[in-house]
Amino acid sequence: SKLGIGLGAGYSRHAKESVVTYNIDLVGQEETLKPEFRVIPITANLHYLFTLSPNFSLDLTAGAGYYLATLDWDHRMDTKILGYQGNFEYTFKSTKGAVGFQAGLGLEMKITSKVALVWTVWGRYASIQELKGDWSDKAGGELWSYEDSGNAGYAWTYDLKYGDKTYARVVFDTDEPVGSNFSNVRYAKLNLTGIVTTVGLKFGF
């Protein structure tokens with residue numbers, strides 16, 4: 001009466017668009033970066049229920065999950081030179097899954113015999129690395145035109161030292177980036193580890 005097994009699935013999405021404009025002598029640039037992550041967790045958990053009172057109970061939960069993530073990366077650069085316009089666009093898409101673990105503590109407040117209000121705090125450990133996917137690189141406008149694509153690229157991250165400053169960089173290539181001013185070169189990863197809190201209704205059938 002106090003033990004149960006729960007199976008679940010979910011969906012989360014994170015996207016952000018950033019735009020920067022600048023000039024280099026006679027060249028005007030506008031860069032637009034649009035990364036988007038989508039994650040589908042499929043979980044199996046063991047539940048143990050503590051009854052605190054007729055209307056309140058605690059639900060201790062722990063288990064494992066498979067986290068399927070998709071990365072869409074879109075980088076566009078629009079260029080103006082002496083009244084002429086051109087653009088570059090690079091896209092990268094990767095789908096990969098990894099096993100993670102989660103545990104939670106939930107407080108249930110009974111509303112009726114079949115409905116309860118639930119507040120849960122989850123801790124999760126999951127990380128997806130070596131994101132490999134398809135890429136495309138194309139240019140158009142009045143200044144140039146070309147198109148290329150492939151399917152063996154990886155997402156990399158490294159620290160770039162320029163002058164007396166260091167910048168974090170993300171690039172996509174089949175091989176590990178190499179440079180005299182590069183350091184801490186590694187596969188980029190999607191870190192899903194963290195704490196999540198949820199509020200919802202629980203229905204009994």
# chains A, B, ... in the order shown; residues from 1 in each chain; ligands from 1
>>> closest_atom_pairs(of="stretch 84-107 of chain A", to="stretch 161-181 of chain A", cutoff="12 Å", atoms="only C-alpha atoms", output="CSV")
residue,atom,partner,partner_atom,distance
A:Tyr90,CA,A:Phe172,CA,9.8
A:Thr91,CA,A:Phe172,CA,9.6
A:Phe92,CA,A:Phe172,CA,7.8
A:Lys93,CA,A:Phe172,CA,10.4
A:Ser94,CA,A:Phe172,CA,11.0
>>> write_last_selection(atoms="N, CA, C and O atoms", output="PDB file, in the first residue's frame")
ATOM      1  N   TYR A  90      25.066  29.255 -41.116  1.00  0.00           N
ATOM      2  CA  TYR A  90      25.552  27.938 -40.726  1.00  0.00           C
ATOM      3  C   TYR A  90      24.531  27.302 -39.790  1.00  0.00           C
ATOM      4  O   TYR A  90      24.098  27.928 -38.817  1.00  0.00           O
ATOM      5  N   THR A  91      24.136  26.061 -40.087  1.00  0.00           N
ATOM      6  CA  THR A  91      23.189  25.344 -39.233  1.00  0.00           C
ATOM      7  C   THR A  91      23.794  23.999 -38.826  1.00  0.00           C
ATOM      8  O   THR A  91      24.565  23.391 -39.578  1.00  0.00           O
ATOM      9  N   PHE A  92      23.435  23.566 -37.645  1.00  0.00           N
ATOM     10  CA  PHE A  92      23.898  22.284 -37.111  1.00  0.00           C
ATOM     11  C   PHE A  92      22.746  21.651 -36.352  1.00  0.00           C
ATOM     12  O   PHE A  92      22.061  22.326 -35.576  1.00  0.00           O
ATOM     13  N   LYS A  93      22.516  20.353 -36.575  1.00  0.00           N
ATOM     14  CA  LYS A  93      21.450  19.657 -35.856  1.00  0.00           C
ATOM     15  C   LYS A  93      21.965  18.309 -35.379  1.00  0.00           C
ATOM     16  O   LYS A  93      22.544  17.549 -36.156  1.00  0.00           O
ATOM     17  N   SER A  94      21.739  18.028 -34.103  1.00  0.00           N
ATOM     18  CA  SER A  94      22.189  16.778 -33.508  1.00  0.00           C
ATOM     19  C   SER A  94      21.114  16.242 -32.582  1.00  0.00           C
ATOM     20  O   SER A  94      20.468  17.007 -31.863  1.00  0.00           O
TER      21      SER A  94
END
>>> closest_atom_pairs(of="stretch 82-118 of chain A", to="stretch 130-153 of chain A", cutoff="12 Å", atoms="only C-alpha atoms", output="JSON lines")
{"residue": "A:Leu82", "atom": "CA", "partner": "A:Leu143", "partner_atom": "CA", "distance": 10.8}
{"residue": "A:Gly83", "atom": "CA", "partner": "A:Glu142", "partner_atom": "CA", "distance": 9.8}
{"residue": "A:Tyr84", "atom": "CA", "partner": "A:Glu142", "partner_atom": "CA", "distance": 6.1}
{"residue": "A:Gln85", "atom": "CA", "partner": "A:Glu142", "partner_atom": "CA", "distance": 5.5}
{"residue": "A:Gly86", "atom": "CA", "partner": "A:Gly141", "partner_atom": "CA", "distance": 4.2}
{"residue": "A:Asn87", "atom": "CA", "partner": "A:Gly140", "partner_atom": "CA", "distance": 5.4}
{"residue": "A:Phe88", "atom": "CA", "partner": "A:Ala139", "partner_atom": "CA", "distance": 4.3}
{"residue": "A:Glu89", "atom": "CA", "partner": "A:Lys138", "partner_atom": "CA", "distance": 5.5}
{"residue": "A:Tyr90", "atom": "CA", "partner": "A:Asp137", "partner_atom": "CA", "distance": 4.6}
{"residue": "A:Thr91", "atom": "CA", "partner": "A:Ser136", "partner_atom": "CA", "distance": 5.3}
{"residue": "A:Phe92", "atom": "CA", "partner": "A:Trp135", "partner_atom": "CA", "distance": 4.4}
{"residue": "A:Lys93", "atom": "CA", "partner": "A:Gly133", "partner_atom": "CA", "distance": 5.4}
{"residue": "A:Ser94", "atom": "CA", "partner": "A:Gly133", "partner_atom": "CA", "distance": 4.2}
{"residue": "A:Thr95", "atom": "CA", "partner": "A:Gly133", "partner_atom": "CA", "distance": 7.1}
{"residue": "A:Lys96", "atom": "CA", "partner": "A:Leu131", "partner_atom": "CA", "distance": 6.7}
{"residue": "A:Gly97", "atom": "CA", "partner": "A:Leu131", "partner_atom": "CA", "distance": 9.5}
{"residue": "A:Ala98", "atom": "CA", "partner": "A:Glu130", "partner_atom": "CA", "distance": 10.8}
>>> residues_around(residues="A:Asp25", least_positions_apart="2", cutoff="12 Å", atoms="only C-alpha atoms", output="mmCIF file with N, CA and C atoms, in the first residue's frame")
data_model
loop_
_atom_site.group_PDB
_atom_site.id
_atom_site.type_symbol
_atom_site.label_atom_id
_atom_site.label_comp_id
_atom_site.auth_asym_id
_atom_site.auth_seq_id
_atom_site.Cartn_x
_atom_site.Cartn_y
_atom_site.Cartn_z
ATOM 1 N N TYR A 22 27.941 45.461 -35.734
ATOM 2 C CA TYR A 22 29.205 46.178 -35.580
ATOM 3 C C TYR A 22 29.744 46.529 -36.956
ATOM 4 N N ASN A 23 30.730 47.406 -36.997
ATOM 5 C CA ASN A 23 31.384 47.828 -38.231
ATOM 6 C C ASN A 23 32.886 47.594 -38.131
ATOM 7 N N VAL A 27 33.018 47.746 -43.705
ATOM 8 C CA VAL A 27 32.166 46.545 -43.671
ATOM 9 C C VAL A 27 31.230 46.618 -42.470
ATOM 10 N N GLY A 28 29.939 46.516 -42.744
ATOM 11 C CA GLY A 28 28.939 46.457 -41.677
ATOM 12 C C GLY A 28 28.466 45.024 -41.491
ATOM 13 N N GLN A 29 28.382 44.596 -40.235
ATOM 14 C CA GLN A 29 28.006 43.217 -39.936
ATOM 15 C C GLN A 29 26.830 43.180 -38.966
ATOM 16 N N LYS A 80 27.355 44.097 -45.240
ATOM 17 C CA LYS A 80 27.195 45.182 -46.201
ATOM 18 C C LYS A 80 28.561 45.793 -46.500
ATOM 19 N N ILE A 81 28.883 45.859 -47.805
ATOM 20 C CA ILE A 81 30.144 46.450 -48.232
ATOM 21 C C ILE A 81 29.861 47.409 -49.382
ATOM 22 N N LEU A 82 30.042 48.711 -49.150
ATOM 23 C CA LEU A 82 29.856 49.734 -50.193
ATOM 24 C C LEU A 82 28.511 49.604 -50.897
#
>>> atom_distance(atom1="atom CA of A:Ile195", atom2="atom CA of A:Asp74")
28.5 Å
>>> atom_distance(atom1="atom CA of A:Val39", atom2="atom CA of A:Gly10")
8.1 Å
>>> atom_distance(atom1="atom CA of A:Trp119", atom2="atom CA of A:Gly104")
10.3 Å
>>> residues_around(residues="A:Glu36", least_positions_apart="4", cutoff="10 Å", atoms="only C-alpha atoms", output="list in words")
Arg13, His14, Ala15, Lys16, Glu17, Thr70, Leu71, Asp72, Trp73, Asp74 and Lys93 of chain A
>>> write_last_selection(atoms="N, CA, C and O atoms", output="short mmCIF file (atom, residue, chain, number, x, y, z; two decimals), in the first residue's frame")
data_model
loop_
_atom_site.label_atom_id
_atom_site.label_comp_id
_atom_site.auth_asym_id
_atom_site.auth_seq_id
_atom_site.Cartn_x
_atom_site.Cartn_y
_atom_site.Cartn_z
N ARG A 13 11.90 22.65 -23.52
CA ARG A 13 12.48 23.37 -24.65
C ARG A 13 13.12 24.65 -24.14
O ARG A 13 12.57 25.33 -23.26
N HIS A 14 14.29 24.95 -24.68
CA HIS A 14 14.95 26.21 -24.35
C HIS A 14 15.52 26.80 -25.64
O HIS A 14 16.26 26.13 -26.36
N ALA A 15 15.17 28.04 -25.92
CA ALA A 15 15.65 28.72 -27.13
C ALA A 15 15.93 30.17 -26.81
O ALA A 15 15.24 30.79 -25.98
N LYS A 16 16.94 30.71 -27.46
CA LYS A 16 17.28 32.11 -27.25
C LYS A 16 17.88 32.68 -28.53
O LYS A 16 18.73 32.03 -29.15
N GLU A 17 17.45 33.86 -28.90
CA GLU A 17 17.99 34.54 -30.08
C GLU A 17 18.79 35.76 -29.64
O GLU A 17 18.30 36.58 -28.85
N THR A 70 17.70 17.11 -28.55
CA THR A 70 17.94 17.60 -29.90
C THR A 70 18.46 19.02 -29.82
O THR A 70 17.89 19.87 -29.13
N LEU A 71 19.56 19.27 -30.52
CA LEU A 71 20.15 20.61 -30.61
C LEU A 71 19.98 21.14 -32.03
O LEU A 71 20.37 20.47 -32.99
N ASP A 72 19.40 22.32 -32.17
CA ASP A 72 19.35 23.05 -33.44
C ASP A 72 20.13 24.35 -33.25
O ASP A 72 19.78 25.17 -32.39
N TRP A 73 21.17 24.53 -34.07
CA TRP A 73 22.05 25.71 -33.95
C TRP A 73 22.00 26.45 -35.28
O TRP A 73 22.27 25.89 -36.32
N ASP A 74 21.64 27.72 -35.23
CA ASP A 74 21.52 28.53 -36.44
C ASP A 74 22.30 29.82 -36.24
O ASP A 74 21.98 30.62 -35.36
N LYS A 93 22.52 20.35 -36.57
CA LYS A 93 21.45 19.66 -35.86
C LYS A 93 21.97 18.31 -35.38
O LYS A 93 22.54 17.55 -36.16
#
>>> residues_around(residues="A:Ile42", least_positions_apart="4", cutoff="9 Å", atoms="only C-alpha atoms", output="list in words")
Leu7, Gly8, Ala9, Gly10, Ala64, Gly65, Tyr66, Tyr67 and Leu68 of chain A
>>> residues_around(residues="stretch 182-189 of chain A", least_positions_apart="4", cutoff="7 Å", atoms="only C-alpha atoms", output="list in words")
Ser127, Ile128, Gln129, Glu130, Ala155, Trp156, Thr157, Tyr158, Asp159, Leu160, Lys161 and Val178 of chain A
>>> write_last_selection(atoms="N, CA, C and O atoms", output="PDB file, in the first residue's frame")
ATOM      1  N   SER A 127      23.783  14.168 -18.279  1.00  0.00           N
ATOM      2  CA  SER A 127      24.667  14.964 -19.133  1.00  0.00           C
ATOM      3  C   SER A 127      24.790  14.269 -20.479  1.00  0.00           C
ATOM      4  O   SER A 127      24.966  13.051 -20.549  1.00  0.00           O
ATOM      5  N   ILE A 128      24.697  15.053 -21.560  1.00  0.00           N
ATOM      6  CA  ILE A 128      24.788  14.512 -22.917  1.00  0.00           C
ATOM      7  C   ILE A 128      26.007  15.128 -23.591  1.00  0.00           C
ATOM      8  O   ILE A 128      26.096  16.349 -23.735  1.00  0.00           O
ATOM      9  N   GLN A 129      26.957  14.264 -24.009  1.00  0.00           N
ATOM     10  CA  GLN A 129      28.211  14.739 -24.570  1.00  0.00           C
ATOM     11  C   GLN A 129      28.418  14.174 -25.976  1.00  0.00           C
ATOM     12  O   GLN A 129      27.658  13.332 -26.440  1.00  0.00           O
ATOM     13  N   GLU A 130      29.459  14.666 -26.623  1.00  0.00           N
ATOM     14  CA  GLU A 130      29.829  14.236 -27.983  1.00  0.00           C
ATOM     15  C   GLU A 130      28.633  14.340 -28.934  1.00  0.00           C
ATOM     16  O   GLU A 130      28.230  13.377 -29.577  1.00  0.00           O
ATOM     17  N   ALA A 155      30.111  19.051 -31.900  1.00  0.00           N
ATOM     18  CA  ALA A 155      30.083  20.330 -31.199  1.00  0.00           C
ATOM     19  C   ALA A 155      31.257  20.362 -30.212  1.00  0.00           C
ATOM     20  O   ALA A 155      31.414  19.455 -29.394  1.00  0.00           O
ATOM     21  N   TRP A 156      32.098  21.407 -30.344  1.00  0.00           N
ATOM     22  CA  TRP A 156      33.271  21.566 -29.492  1.00  0.00           C
ATOM     23  C   TRP A 156      33.182  22.884 -28.743  1.00  0.00           C
ATOM     24  O   TRP A 156      32.528  23.824 -29.194  1.00  0.00           O
ATOM     25  N   THR A 157      33.882  22.954 -27.625  1.00  0.00           N
ATOM     26  CA  THR A 157      34.017  24.216 -26.906  1.00  0.00           C
ATOM     27  C   THR A 157      35.460  24.367 -26.432  1.00  0.00           C
ATOM     28  O   THR A 157      36.144  23.369 -26.181  1.00  0.00           O
ATOM     29  N   TYR A 158      35.919  25.600 -26.374  1.00  0.00           N
ATOM     30  CA  TYR A 158      37.283  25.863 -25.928  1.00  0.00           C
ATOM     31  C   TYR A 158      37.394  27.314 -25.479  1.00  0.00           C
ATOM     32  O   TYR A 158      36.472  28.118 -25.693  1.00  0.00           O
ATOM     33  N   ASP A 159      38.503  27.643 -24.869  1.00  0.00           N
ATOM     34  CA  ASP A 159      38.781  29.012 -24.438  1.00  0.00           C
ATOM     35  C   ASP A 159      39.759  29.649 -25.420  1.00  0.00           C
ATOM     36  O   ASP A 159      40.827  29.090 -25.700  1.00  0.00           O
ATOM     37  N   LEU A 160      39.399  30.810 -25.946  1.00  0.00           N
ATOM     38  CA  LEU A 160      40.226  31.536 -26.907  1.00  0.00           C
ATOM     39  C   LEU A 160      40.853  32.742 -26.209  1.00  0.00           C
ATOM     40  O   LEU A 160      40.139  33.591 -25.673  1.00  0.00           O
ATOM     41  N   LYS A 161      42.158  32.807 -26.233  1.00  0.00           N
ATOM     42  CA  LYS A 161      42.860  33.953 -25.652  1.00  0.00           C
ATOM     43  C   LYS A 161      43.157  34.956 -26.754  1.00  0.00           C
ATOM     44  O   LYS A 161      43.778  34.629 -27.762  1.00  0.00           O
ATOM     45  N   VAL A 178      42.377  23.228 -33.106  1.00  0.00           N
ATOM     46  CA  VAL A 178      43.775  23.374 -32.725  1.00  0.00           C
ATOM     47  C   VAL A 178      44.200  24.813 -32.977  1.00  0.00           C
ATOM     48  O   VAL A 178      43.907  25.381 -34.029  1.00  0.00           O
TER      49      VAL A 178
END
>>> select_by_dssp(residues="stretch 109-152 of chain A", states="strand (DSSP E or B)", output="PyMOL selection string")
chain A and resi 109-110+115-125+127-129+132-141+146-152
>>> residues_around(residues="A:Val118", least_positions_apart="5", cutoff="9 Å", atoms="only C-alpha atoms", output="PDB file with C-alpha atoms, in the first residue's frame")
ATOM      1  CA  GLY A 106       6.664  15.437  -2.994  1.00  0.00           C
ATOM      2  CA  LEU A 107       4.014  16.808  -0.676  1.00  0.00           C
ATOM      3  CA  GLU A 108       0.440  15.772  -1.465  1.00  0.00           C
ATOM      4  CA  MET A 109      -2.621  17.548  -0.118  1.00  0.00           C
ATOM      5  CA  LYS A 110      -5.878  15.679  -0.603  1.00  0.00           C
ATOM      6  CA  THR A 198       6.744  21.304 -10.021  1.00  0.00           C
ATOM      7  CA  VAL A 199       3.196  21.994  -8.876  1.00  0.00           C
ATOM      8  CA  GLY A 200       0.268  20.044 -10.250  1.00  0.00           C
ATOM      9  CA  LEU A 201      -2.867  18.002  -9.703  1.00  0.00           C
ATOM     10  CA  LYS A 202      -2.898  14.255  -9.167  1.00  0.00           C
TER      11      LYS A 202
END
>>> closest_residue(among="A:Leu192, A:Ser18, A:Val115, A:Ser53", to="A:Lys34", atoms="only C-alpha atoms")
A:Ser18
